[in-house]
file upload31.txt (compact mmCIF, C-alpha atoms)
# COMPACT_ATOMS: atom_id res chain seq x y z
CA MET A 1087 2.25 13.50 -8.29
CA HIS A 1088 -1.17 11.83 -8.01
CA GLU A 1089 -1.16 12.79 -4.33
CA VAL A 1090 -3.07 15.94 -5.36
CA ALA A 1091 -5.93 13.84 -6.73
CA ILE A 1092 -5.82 11.64 -3.65
CA ALA A 1093 -5.84 14.67 -1.30
CA GLU A 1094 -8.85 16.06 -3.17
CA SER A 1095 -10.69 12.78 -2.81
CA LEU A 1096 -9.67 12.52 0.86
CA LEU A 1097 -11.03 16.01 1.54
CA ASN A 1098 -14.34 15.22 -0.20
CA VAL A 1099 -14.80 11.92 1.63
CA ALA A 1100 -13.95 13.52 5.00
CA ILE A 1101 -16.33 16.46 4.47
CA ASP A 1102 -19.04 14.02 3.42
CA ASN A 1103 -18.50 11.88 6.55
CA CYS A 1104 -18.58 14.99 8.75
CA THR A 1105 -21.79 16.48 7.38
CA LYS A 1106 -23.54 13.10 7.32
CA SER A 1107 -22.78 12.70 11.04
CA GLY A 1108 -24.40 16.08 11.68
CA HIS A 1109 -21.21 18.00 12.45
CA ALA A 1110 -19.95 21.28 11.04
CA ARG A 1111 -16.19 21.28 11.39
CA ILE A 1112 -13.30 18.84 11.02
CA THR A 1113 -10.33 19.32 13.33
CA GLY A 1114 -8.43 16.11 12.68
CA ILE A 1115 -8.21 13.25 10.21
CA GLN A 1116 -6.24 10.06 10.68
CA VAL A 1117 -5.42 8.11 7.53
CA LEU A 1118 -3.82 4.73 6.91
CA ILE A 1119 -1.39 4.71 4.00
CA GLY A 1120 0.09 1.36 3.06
CA LYS A 1121 3.78 1.34 2.17
CA ALA A 1122 2.90 -0.43 -1.07
CA SER A 1123 0.12 1.99 -1.99
CA GLY A 1124 2.42 4.16 -4.09
CA VAL A 1125 1.53 7.28 -2.11
CA MET A 1126 4.22 9.52 -0.57
CA PRO A 1127 3.07 10.72 2.87
CA GLU A 1128 4.94 14.06 2.62
CA ALA A 1129 3.39 14.83 -0.77
CA LEU A 1130 -0.08 13.90 0.48
CA LEU A 1131 0.33 16.14 3.53
CA PHE A 1132 1.50 19.03 1.37
CA ALA A 1133 -1.37 18.59 -1.08
CA PHE A 1134 -3.94 18.28 1.71
CA ASP A 1135 -2.72 21.43 3.47
CA SER A 1136 -2.84 23.43 0.27
CA MET A 1137 -6.40 22.33 -0.51
CA LYS A 1138 -8.08 22.61 2.90
CA PRO A 1139 -8.44 26.43 3.20
CA ASP A 1140 -12.02 27.68 2.79
CA THR A 1141 -13.51 24.29 3.57
CA ILE A 1142 -14.97 22.93 6.83
CA ALA A 1143 -11.65 21.09 7.16
CA GLN A 1144 -9.53 24.25 7.11
CA ASP A 1145 -8.28 23.62 10.68
CA ALA A 1146 -7.95 19.88 10.25
CA VAL A 1147 -4.64 18.27 11.13
CA LEU A 1148 -3.83 15.31 8.93
CA GLU A 1149 -2.17 12.43 10.73
CA ILE A 1150 -0.71 9.78 8.46
CA ILE A 1151 -0.09 6.29 9.76
CA GLU A 1152 2.10 4.25 7.47
CA VAL A 1153 1.20 0.58 7.29
CA PRO A 1154 4.03 -1.84 6.51
CA LEU A 1155 3.61 -4.59 3.97
CA GLY A 1156 2.56 -7.87 5.55
CA GLY A 1157 1.48 -11.27 4.38
CA HIS A 1158 0.95 -14.90 5.13
CA CYS A 1159 3.10 -17.63 3.64
CA SER A 1160 1.28 -20.81 2.68
CA SER A 1161 4.52 -22.83 2.52
CA CYS A 1162 5.74 -22.26 6.10
CA ARG A 1163 2.36 -21.03 7.37
CA ARG A 1164 3.88 -18.05 9.09
CA ASP A 1165 2.91 -14.36 8.97
CA PHE A 1166 5.49 -11.81 7.95
CA GLU A 1167 6.04 -8.07 7.83
CA VAL A 1168 8.68 -6.23 5.79
CA GLU A 1169 10.00 -2.67 5.60
CA GLU A 1170 10.29 -2.64 1.79
CA ARG A 1171 7.60 -1.47 -0.63
CA TYR A 1172 7.34 -4.93 -2.19
CA VAL A 1173 7.79 -8.60 -1.36
CA LEU A 1174 9.44 -11.08 -3.70
CA ALA A 1175 9.43 -14.12 -1.42
CA CYS A 1176 8.52 -15.11 2.12
CA PRO A 1177 11.27 -13.63 4.36
CA HIS A 1178 11.12 -16.72 6.62
CA CYS A 1179 11.42 -19.58 4.15
CA GLY A 1180 11.95 -17.98 0.74
CA GLY A 1181 8.70 -19.47 -0.58
CA VAL A 1182 6.74 -17.66 -3.26
CA GLN A 1183 3.31 -19.01 -2.35
CA TYR A 1184 2.20 -16.15 -0.13
CA SER A 1185 -0.68 -13.74 0.05
CA LEU A 1186 -0.44 -10.10 1.03
CA VAL A 1187 -2.74 -9.08 3.85
CA LYS A 1188 -1.75 -5.46 4.37
CA GLY A 1189 0.28 -2.63 2.90
CA ARG A 1190 -2.05 -1.35 0.16
CA GLU A 1191 -4.25 0.75 2.48
CA LEU A 1192 -5.51 4.12 1.39
CA SER A 1193 -8.24 4.91 3.89
CA ILE A 1194 -9.52 7.22 6.59
CA SER A 1195 -9.55 5.45 9.95
CA GLU A 1196 -10.67 8.17 12.33
CA MET A 1197 -11.83 11.78 12.31
CA GLU A 1198 -12.15 14.47 14.96
CA VAL A 1199 -15.24 16.60 14.34
CA GLU A 1200 -17.18 19.34 16.11
CA MET B 241 -15.82 14.26 19.22
CA LYS B 242 -14.11 11.31 17.59
CA LEU B 243 -15.70 9.71 14.58
CA LYS B 244 -14.65 6.13 13.92
CA VAL B 245 -14.88 5.68 10.19
CA THR B 246 -13.27 3.36 7.76
CA THR B 247 -13.64 4.90 4.35
CA ASN B 248 -11.51 4.25 1.34
CA ILE B 249 -10.06 7.56 0.21
CA LEU B 250 -10.69 6.74 -3.43
CA THR B 251 -14.35 5.85 -2.84
CA ALA B 252 -15.61 8.51 -5.23
CA ASN B 253 -13.42 7.23 -8.06
CA GLU B 254 -14.30 3.63 -7.34
CA LYS B 255 -18.03 4.35 -7.41
CA ILE B 256 -17.73 5.94 -10.83
CA ALA B 257 -15.51 3.05 -11.95
CA GLU B 258 -18.25 0.61 -10.91
CA GLY B 259 -20.71 2.65 -12.97
CA ASN B 260 -18.38 2.41 -15.97
CA GLU B 261 -18.06 -1.34 -15.41
CA LYS B 262 -21.82 -1.66 -15.67
CA ILE B 263 -21.95 0.41 -18.87
CA PHE B 264 -19.23 -1.82 -20.38
CA ALA B 265 -21.05 -4.98 -19.30
CA ASP B 266 -24.34 -3.77 -20.81
CA ALA B 267 -22.56 -2.87 -24.05
CA GLY B 268 -20.77 -6.22 -24.10
CA VAL B 269 -17.38 -4.64 -24.65
CA PHE B 270 -14.07 -5.88 -23.22
CA VAL B 271 -12.03 -3.00 -21.80
CA LEU B 272 -8.28 -2.88 -21.52
CA ASN B 273 -6.27 -0.22 -19.66
CA LEU B 274 -2.86 0.16 -21.30
CA MET B 275 -0.15 1.68 -19.09
CA SER B 276 3.55 2.47 -19.41
CA SER B 277 6.12 5.22 -19.02
CA PRO B 278 6.24 7.85 -21.81
CA GLY B 279 7.81 6.49 -24.97
CA ALA B 280 7.57 2.78 -24.14
CA GLY B 281 5.48 2.28 -27.26
CA LYS B 282 1.85 2.14 -26.14
CA THR B 283 0.55 3.87 -29.24
CA SER B 284 2.79 1.82 -31.56
CA LEU B 285 1.58 -1.36 -29.90
CA LEU B 286 -1.98 -0.19 -30.29
CA GLU B 287 -1.46 0.59 -34.00
CA GLN B 288 0.10 -2.81 -34.65
CA THR B 289 -2.62 -4.57 -32.67
CA ILE B 290 -5.41 -2.73 -34.51
CA ILE B 291 -3.87 -3.53 -37.92
CA ARG B 292 -3.85 -7.24 -37.03
CA LEU B 293 -7.29 -7.28 -35.40
CA LYS B 294 -9.55 -4.87 -37.19
CA ASP B 295 -10.84 -7.20 -39.91
CA ARG B 296 -12.22 -9.58 -37.31
CA VAL B 297 -12.75 -7.47 -34.20
CA LYS B 298 -14.33 -4.05 -33.70
CA VAL B 299 -11.85 -1.92 -31.77
CA GLY B 300 -12.35 1.48 -30.14
CA VAL B 301 -9.77 3.63 -28.39
CA ILE B 302 -9.65 6.30 -25.69
CA GLU B 303 -6.37 8.21 -25.72
CA GLY B 304 -5.21 9.89 -22.53
CA ASP B 305 -2.51 12.54 -22.67
CA ILE B 306 -1.66 15.64 -20.69
CA ALA B 307 -1.88 17.67 -23.92
CA GLY B 308 -2.17 17.25 -27.67
CA ALA B 309 -4.02 14.94 -30.04
CA ASP B 310 -1.09 13.27 -31.82
CA ASP B 311 -1.97 9.80 -30.56
CA ALA B 312 -5.66 10.11 -31.47
CA MET B 313 -4.67 11.19 -34.99
CA ARG B 314 -2.49 8.10 -35.39
CA ILE B 315 -5.37 5.85 -34.32
CA ASP B 316 -7.92 7.78 -36.42
CA ALA B 317 -5.75 7.16 -39.49
CA LEU B 318 -6.44 3.43 -39.04
CA GLY B 319 -10.17 4.03 -39.33
CA VAL B 320 -11.23 3.01 -35.83
CA PRO B 321 -13.30 5.21 -33.49
CA VAL B 322 -11.13 7.19 -31.10
CA VAL B 323 -11.58 9.91 -28.48
CA GLN B 324 -8.76 12.00 -27.08
CA ILE B 325 -8.79 13.06 -23.42
CA ASN B 326 -6.44 15.87 -22.40
CA THR B 327 -5.94 15.77 -18.65
CA GLY B 328 -4.47 19.28 -18.61
CA GLY B 329 -1.69 18.34 -16.22
CA ALA B 330 -3.03 15.34 -14.34
CA CYS B 331 -0.61 12.43 -14.49
CA HIS B 332 -3.26 9.71 -14.85
CA LEU B 333 -6.78 9.06 -16.10
CA ASP B 334 -9.56 8.64 -13.56
CA ALA B 335 -12.96 6.98 -13.80
CA ASN B 336 -14.81 10.25 -14.24
CA MET B 337 -12.73 11.31 -17.26
CA ILE B 338 -13.63 8.00 -18.90
CA ASN B 339 -17.30 8.31 -17.98
CA GLU B 340 -17.51 11.74 -19.61
CA VAL B 341 -16.32 10.57 -23.04
CA LEU B 342 -18.20 7.26 -23.27
CA GLY B 343 -21.04 9.01 -25.10
CA ASP B 344 -18.62 9.95 -27.88
CA LEU B 345 -17.86 6.34 -28.78
CA PRO B 346 -20.18 3.72 -30.32
CA ILE B 347 -19.44 1.38 -27.42
CA ALA B 348 -22.38 -0.95 -28.03
CA ASP B 349 -20.87 -1.75 -31.45
CA LEU B 350 -17.38 -2.47 -30.11
CA ASP B 351 -15.81 -5.80 -29.16
CA ILE B 352 -12.86 -4.23 -27.40
CA LEU B 353 -12.15 -0.77 -26.04
CA VAL B 354 -8.53 0.11 -25.31
CA ILE B 355 -7.85 2.98 -22.94
CA GLU B 356 -4.33 4.28 -23.44
CA ASN B 357 -3.40 5.87 -20.13
CA VAL B 358 -1.13 8.87 -19.59
CA GLY B 359 2.54 7.87 -19.91
CA ASN B 360 3.62 7.34 -16.31
CA LEU B 361 4.78 4.24 -14.42
CA VAL B 362 3.37 5.32 -11.07
CA CYS B 363 -0.01 7.01 -10.86
CA PRO B 364 -2.20 5.25 -13.48
CA ALA B 365 -1.91 1.97 -11.54
CA GLU B 366 -3.78 3.49 -8.59
CA PHE B 367 -6.97 4.58 -10.33
CA LYS B 368 -9.60 2.08 -11.44
CA LEU B 369 -11.37 3.09 -14.61
CA GLY B 370 -13.87 0.23 -14.75
CA GLU B 371 -11.64 -1.82 -17.06
CA HIS B 372 -11.56 -5.62 -17.19
CA MET B 373 -7.80 -5.79 -17.31
CA LYS B 374 -4.67 -3.68 -16.98
CA VAL B 375 -1.72 -4.28 -19.30
CA ALA B 376 1.75 -2.80 -18.73
CA VAL B 377 4.20 -2.02 -21.52
CA LEU B 378 7.91 -1.76 -20.72
CA SER B 379 10.49 -1.10 -23.42
CA ILE B 380 13.92 -2.61 -22.90
CA THR B 381 15.63 0.78 -23.37
CA GLU B 382 14.17 1.77 -20.00
CA GLY B 383 16.39 -0.73 -18.18
CA HIS B 384 15.84 -3.95 -16.30
CA ASP B 385 15.42 -2.30 -12.90
CA LYS B 386 11.93 -0.96 -13.57
CA PRO B 387 9.69 -3.74 -12.17
CA LEU B 388 11.29 -3.46 -8.73
CA LYS B 389 11.33 0.34 -8.83
CA TYR B 390 7.66 0.61 -9.80
CA PRO B 391 6.14 -2.53 -8.29
CA VAL B 392 2.48 -1.45 -8.18
CA MET B 393 2.21 -1.20 -11.97
CA PHE B 394 3.48 -4.76 -12.42
CA GLN B 395 1.41 -6.18 -9.57
CA GLU B 396 -1.79 -4.73 -10.99
CA SER B 397 -1.27 -5.87 -14.58
CA LYS B 398 -2.58 -9.07 -16.10
CA ALA B 399 0.00 -8.92 -18.89
CA LEU B 400 3.38 -7.34 -19.48
CA ILE B 401 4.51 -6.43 -22.98
CA ILE B 402 8.28 -6.13 -23.21
CA ASN B 403 8.68 -3.89 -26.27
CA LYS B 404 11.59 -2.90 -28.56
CA ILE B 405 13.02 -6.41 -28.21
CA ASP B 406 14.76 -5.89 -31.61
CA LEU B 407 17.19 -3.56 -29.80
CA LYS B 408 18.42 -6.30 -27.47
CA PRO B 409 21.75 -6.89 -29.30
CA PHE B 410 22.66 -3.23 -28.85
CA LEU B 411 21.86 -2.87 -25.16
CA ASP B 412 23.22 -4.19 -21.87
CA VAL B 413 19.71 -4.80 -20.60
CA ASP B 414 18.98 -8.11 -18.83
CA VAL B 415 15.57 -9.12 -20.23
CA GLU B 416 15.56 -12.28 -18.10
CA LYS B 417 15.74 -10.10 -14.99
CA ILE B 418 12.71 -8.11 -16.16
CA ARG B 419 10.81 -11.40 -16.58
CA ARG B 420 12.01 -12.82 -13.27
CA ASP B 421 11.19 -9.71 -11.22
CA ALA B 422 7.79 -9.23 -12.87
CA ILE B 423 6.86 -12.84 -12.12
CA SER B 424 8.12 -12.53 -8.54
CA LEU B 425 5.92 -9.47 -8.05
CA ASN B 426 2.98 -11.06 -9.81
CA PRO B 427 3.14 -14.84 -10.37
CA GLU B 428 0.00 -14.69 -12.58
CA ILE B 429 1.37 -12.19 -15.10
CA THR B 430 1.53 -13.21 -18.77
CA ILE B 431 4.61 -11.85 -20.55
CA PHE B 432 5.07 -11.12 -24.26
CA GLU B 433 8.31 -9.99 -25.86
CA VAL B 434 7.56 -7.92 -28.94
CA SER B 435 8.95 -5.45 -31.40
CA CYS B 436 6.46 -3.04 -32.90
CA LYS B 437 9.14 -2.18 -35.48
CA THR B 438 9.88 -5.68 -36.82
CA GLY B 439 6.56 -7.28 -35.83
CA GLU B 440 8.29 -9.97 -33.75
CA GLY B 441 6.05 -11.49 -31.07
CA LEU B 442 2.96 -9.48 -32.02
CA ASP B 443 0.95 -12.41 -33.38
CA ALA B 444 1.14 -14.21 -30.01
CA TRP B 445 -0.05 -11.10 -28.19
CA VAL B 446 -2.91 -10.53 -30.66
CA ALA B 447 -3.97 -14.20 -30.43
CA TRP B 448 -4.04 -13.91 -26.64
CA ILE B 449 -6.23 -10.78 -26.83
CA GLU B 450 -8.61 -12.62 -29.17
CA THR B 451 -9.04 -15.46 -26.68
CA LEU B 452 -10.14 -12.90 -24.09
CA ILE B 453 -12.87 -11.35 -26.19
CA SER B 454 -14.24 -14.40 -27.94

call {"tool": "encode", "arguments": {"input": "upload31.txt", "output": "structure tokens"}}
result
Amino acid sequence: MHEVAIAESLLNVAIDNCTKSGHARITGIQVLIGKASGVMPEALLFAFDSMKPDTIAQDAVLEIIEVPLGGHCSSCRRDFEVEERYVLACPHCGGVQYSLVKGRELSISEMEVE
Amino acid sequence: MKLKVTTNILTANEKIAEGNEKIFADAGVFVLNLMSSPGAGKTSLLEQTIIRLKDRVKVGVIEGDIAGADDAMRIDALGVPVVQINTGGACHLDANMINEVLGDLPIADLDILVIENVGNLVCPAEFKLGEHMKVAVLSITEGHDKPLKYPVMFQESKALIINKIDLKPFLDVDVEKIRRDAISLNPEITIFEVSCKTGEGLDAWVAWIETLIS
């Protein structure tokens, strides 16, 4: 449900980036959404599309790239990536001494402007 | 043309949260963001905590709800400063809502400010308010599957309060599983089992809070 607030913020940040770069229109926005970010891509897309009319992003197509959860295990020293929204232990060795390196993203990576 | 940008979507909120952080630092107040699903007992925990703390520690409260002022009235009855925010539908508090009410509280006089977030296990975990620490409350009537179903909340929290522990004999809930899963998600989390009805476990929680603000 907080996707509406996130879409609003996304729209503001994108419009800000566009005008600061001296452009007048946004035609595309690519965002990275981590699987562990708690954001549902479909809900974000729906919220974004309902908020973009009457802005310089009204024709913008939102492309969402989902980023899987990944980490590095300090027991077996290997990197891992999982499909789930959380990690409880290193999938290689079962160790719990790991650090997450990706999967919490909530950012704009690229924009198409005119 | 293509514009290569890497901008956090929640930049605006995080900037305001940083501003709040500075206000809290200047006022010398420790700020706690209390989160749970509706009915887990956030306000009851707050009442019991205030009763045990208020002779030694100056407490202030910001209440966040979609509608109504019931929670603020309960806190007001204990004689501590309180402000009610009504989000009017939003499922979480954001940094700007907090910023707007800070002028209504004597924050420079407070030792601790507790922000009671909107009852929701999902959204509040995503929005920084400028707090020093997030605390999650989970009541055992909600079931032992909650940490794995709502991992972000438990990963973000410094402490987990397992409430309504007095009901354990009447429920099939596996409290050990709650502990195990919460620790697996967040090895640093400190867990307290309490009952706001019987008072069990509350002294340990209150003592822990006091170590943070002293």

call {"tool": "residues_around", "arguments": {"input": "upload31.txt", "residues": "region 385-388 of chain B", "least_positions_apart": "5", "cutoff": "12 Å", "atoms": "only C-alpha atoms", "output": "PyMOL selection string"}}
result
(chain A and resi 1122+1170-1174) or (chain B and resi 276-277+361-362+376-380+393-397+400+402+413-426)

call {"tool": "residues_around", "arguments": {"input": "upload31.txt", "residues": "region 282-299 of chain B", "least_positions_apart": "3", "cutoff": "8 Å", "atoms": "all atoms listed in the file", "output": "ChimeraX atom specification"}}
result
/B:274-276,279,311,314-315,318,320-321,349-354,356,377,436,439,442-443,446

call {"tool": "interface_residues", "arguments": {"input": "upload31.txt", "of": "chain B", "to": "chain A", "cutoff": "8 Å", "atoms": "only C-alpha atoms", "output": "mmCIF file with C-alpha atoms, in the frame of the given file"}}
result
data_model
loop_
_atom_site.group_PDB
_atom_site.id
_atom_site.type_symbol
_atom_site.label_atom_id
_atom_site.label_comp_id
_atom_site.auth_asym_id
_atom_site.auth_seq_id
_atom_site.Cartn_x
_atom_site.Cartn_y
_atom_site.Cartn_z
ATOM 1 C CA MET B 241 -15.820 14.260 19.220
ATOM 2 C CA LYS B 242 -14.110 11.310 17.590
ATOM 3 C CA LEU B 243 -15.700 9.710 14.580
ATOM 4 C CA LYS B 244 -14.650 6.130 13.920
ATOM 5 C CA VAL B 245 -14.880 5.680 10.190
ATOM 6 C CA THR B 246 -13.270 3.360 7.760
ATOM 7 C CA THR B 247 -13.640 4.900 4.350
ATOM 8 C CA ASN B 248 -11.510 4.250 1.340
ATOM 9 C CA ILE B 249 -10.060 7.560 0.210
ATOM 10 C CA LEU B 250 -10.690 6.740 -3.430
ATOM 11 C CA THR B 251 -14.350 5.850 -2.840
ATOM 12 C CA ALA B 252 -15.610 8.510 -5.230
ATOM 13 C CA ALA B 330 -3.030 15.340 -14.340
ATOM 14 C CA CYS B 331 -0.610 12.430 -14.490
ATOM 15 C CA HIS B 332 -3.260 9.710 -14.850
ATOM 16 C CA VAL B 362 3.370 5.320 -11.070
ATOM 17 C CA CYS B 363 -0.010 7.010 -10.860
ATOM 18 C CA GLU B 366 -3.780 3.490 -8.590
ATOM 19 C CA LEU B 388 11.290 -3.460 -8.730
ATOM 20 C CA PRO B 391 6.140 -2.530 -8.290
ATOM 21 C CA VAL B 392 2.480 -1.450 -8.180
ATOM 22 C CA ASP B 421 11.190 -9.710 -11.220
ATOM 23 C CA SER B 424 8.120 -12.530 -8.540
ATOM 24 C CA LEU B 425 5.920 -9.470 -8.050
#

call {"tool": "axis_aligned_box", "arguments": {"input": "upload31.txt", "around": "region 1170-1189 of chain A", "padding_each_side": "5 Å", "output": "AutoDock Vina command-line options"}}
result
--center_x 4.6 --center_y -10.5 --center_z 1.5 --size_x 24.7 --size_y 28.1 --size_z 20.3

call {"tool": "atom_distance", "arguments": {"input": "upload31.txt", "atom1": "CA of Val1168 (chain A)", "atom2": "CA of Leu1155 (chain A)"}}
result
5.6 Å

call {"tool": "atom_distance", "arguments": {"input": "upload31.txt", "atom1": "CA of Ile431 (chain B)", "atom2": "CA of Ala447 (chain B)"}}
result
13.3 Å

call {"tool": "closest_residue", "arguments": {"input": "upload31.txt", "among": "A:Cys1176, A:Met1137, A:Ile1142, A:Lys1121", "to": "Asp1102 (chain A)", "atoms": "all atoms listed in the file"}}
result
A:Ile1142

call {"tool": "atom_distance", "arguments": {"input": "upload31.txt", "atom1": "CA of Phe264 (chain B)", "atom2": "CA of Val323 (chain B)"}}
result
16.2 Å

call {"tool": "closest_residue", "arguments": {"input": "upload31.txt", "among": "B:Ala312, B:Ile306, B:Val301, B:Ala317", "to": "Leu342 (chain B)", "atoms": "only C-alpha atoms"}}
result
B:Val301

call {"tool": "decode", "arguments": {"input": "upload31.txt", "residues": "region 284-297 of chain B", "atoms": "N, CA and C atoms", "output": "PDB file, in the first residue's frame"}}
result
ATOM      1  N   SER B 284      -0.386   0.040  24.675  1.00  0.00           N
ATOM      2  CA  SER B 284      -0.328  -0.543  26.033  1.00  0.00           C
ATOM      3  C   SER B 284       1.113  -0.618  26.511  1.00  0.00           C
ATOM      4  N   LEU B 285       2.011  -1.006  25.627  1.00  0.00           N
ATOM      5  CA  LEU B 285       3.425  -1.069  25.992  1.00  0.00           C
ATOM      6  C   LEU B 285       3.935   0.322  26.368  1.00  0.00           C
ATOM      7  N   LEU B 286       3.506   1.291  25.589  1.00  0.00           N
ATOM      8  CA  LEU B 286       3.914   2.668  25.823  1.00  0.00           C
ATOM      9  C   LEU B 286       3.406   3.144  27.189  1.00  0.00           C
ATOM     10  N   GLU B 287       2.137   2.848  27.487  1.00  0.00           N
ATOM     11  CA  GLU B 287       1.565   3.249  28.789  1.00  0.00           C
ATOM     12  C   GLU B 287       2.362   2.626  29.928  1.00  0.00           C
ATOM     13  N   GLN B 288       2.620   1.320  29.820  1.00  0.00           N
ATOM     14  CA  GLN B 288       3.321   0.615  30.890  1.00  0.00           C
ATOM     15  C   GLN B 288       4.756   1.107  31.029  1.00  0.00           C
ATOM     16  N   THR B 289       5.364   1.457  29.900  1.00  0.00           N
ATOM     17  CA  THR B 289       6.735   1.961  29.920  1.00  0.00           C
ATOM     18  C   THR B 289       6.774   3.343  30.576  1.00  0.00           C
ATOM     19  N   ILE B 290       5.822   4.191  30.195  1.00  0.00           N
ATOM     20  CA  ILE B 290       5.771   5.551  30.750  1.00  0.00           C
ATOM     21  C   ILE B 290       5.553   5.499  32.269  1.00  0.00           C
ATOM     22  N   ILE B 291       4.629   4.639  32.703  1.00  0.00           N
ATOM     23  CA  ILE B 291       4.342   4.530  34.143  1.00  0.00           C
ATOM     24  C   ILE B 291       5.617   4.180  34.910  1.00  0.00           C
ATOM     25  N   ARG B 292       6.439   3.291  34.331  1.00  0.00           N
ATOM     26  CA  ARG B 292       7.661   2.856  35.021  1.00  0.00           C
ATOM     27  C   ARG B 292       8.814   3.858  34.906  1.00  0.00           C
ATOM     28  N   LEU B 293       8.747   4.705  33.872  1.00  0.00           N
ATOM     29  CA  LEU B 293       9.880   5.596  33.598  1.00  0.00           C
ATOM     30  C   LEU B 293       9.690   7.037  34.047  1.00  0.00           C
ATOM     31  N   LYS B 294       8.449   7.488  34.131  1.00  0.00           N
ATOM     32  CA  LYS B 294       8.243   8.940  34.116  1.00  0.00           C
ATOM     33  C   LYS B 294       8.750   9.697  35.343  1.00  0.00           C
ATOM     34  N   ASP B 295       9.008   8.998  36.446  1.00  0.00           N
ATOM     35  CA  ASP B 295       9.573   9.702  37.601  1.00  0.00           C
ATOM     36  C   ASP B 295      11.053  10.041  37.394  1.00  0.00           C
ATOM     37  N   ARG B 296      11.710   9.264  36.551  1.00  0.00           N
ATOM     38  CA  ARG B 296      13.144   9.470  36.357  1.00  0.00           C
ATOM     39  C   ARG B 296      13.499  10.057  34.995  1.00  0.00           C
ATOM     40  N   VAL B 297      12.632   9.835  34.022  1.00  0.00           N
ATOM     41  CA  VAL B 297      12.955  10.169  32.630  1.00  0.00           C
ATOM     42  C   VAL B 297      11.816  10.995  32.034  1.00  0.00           C
TER      43      VAL B 297
END
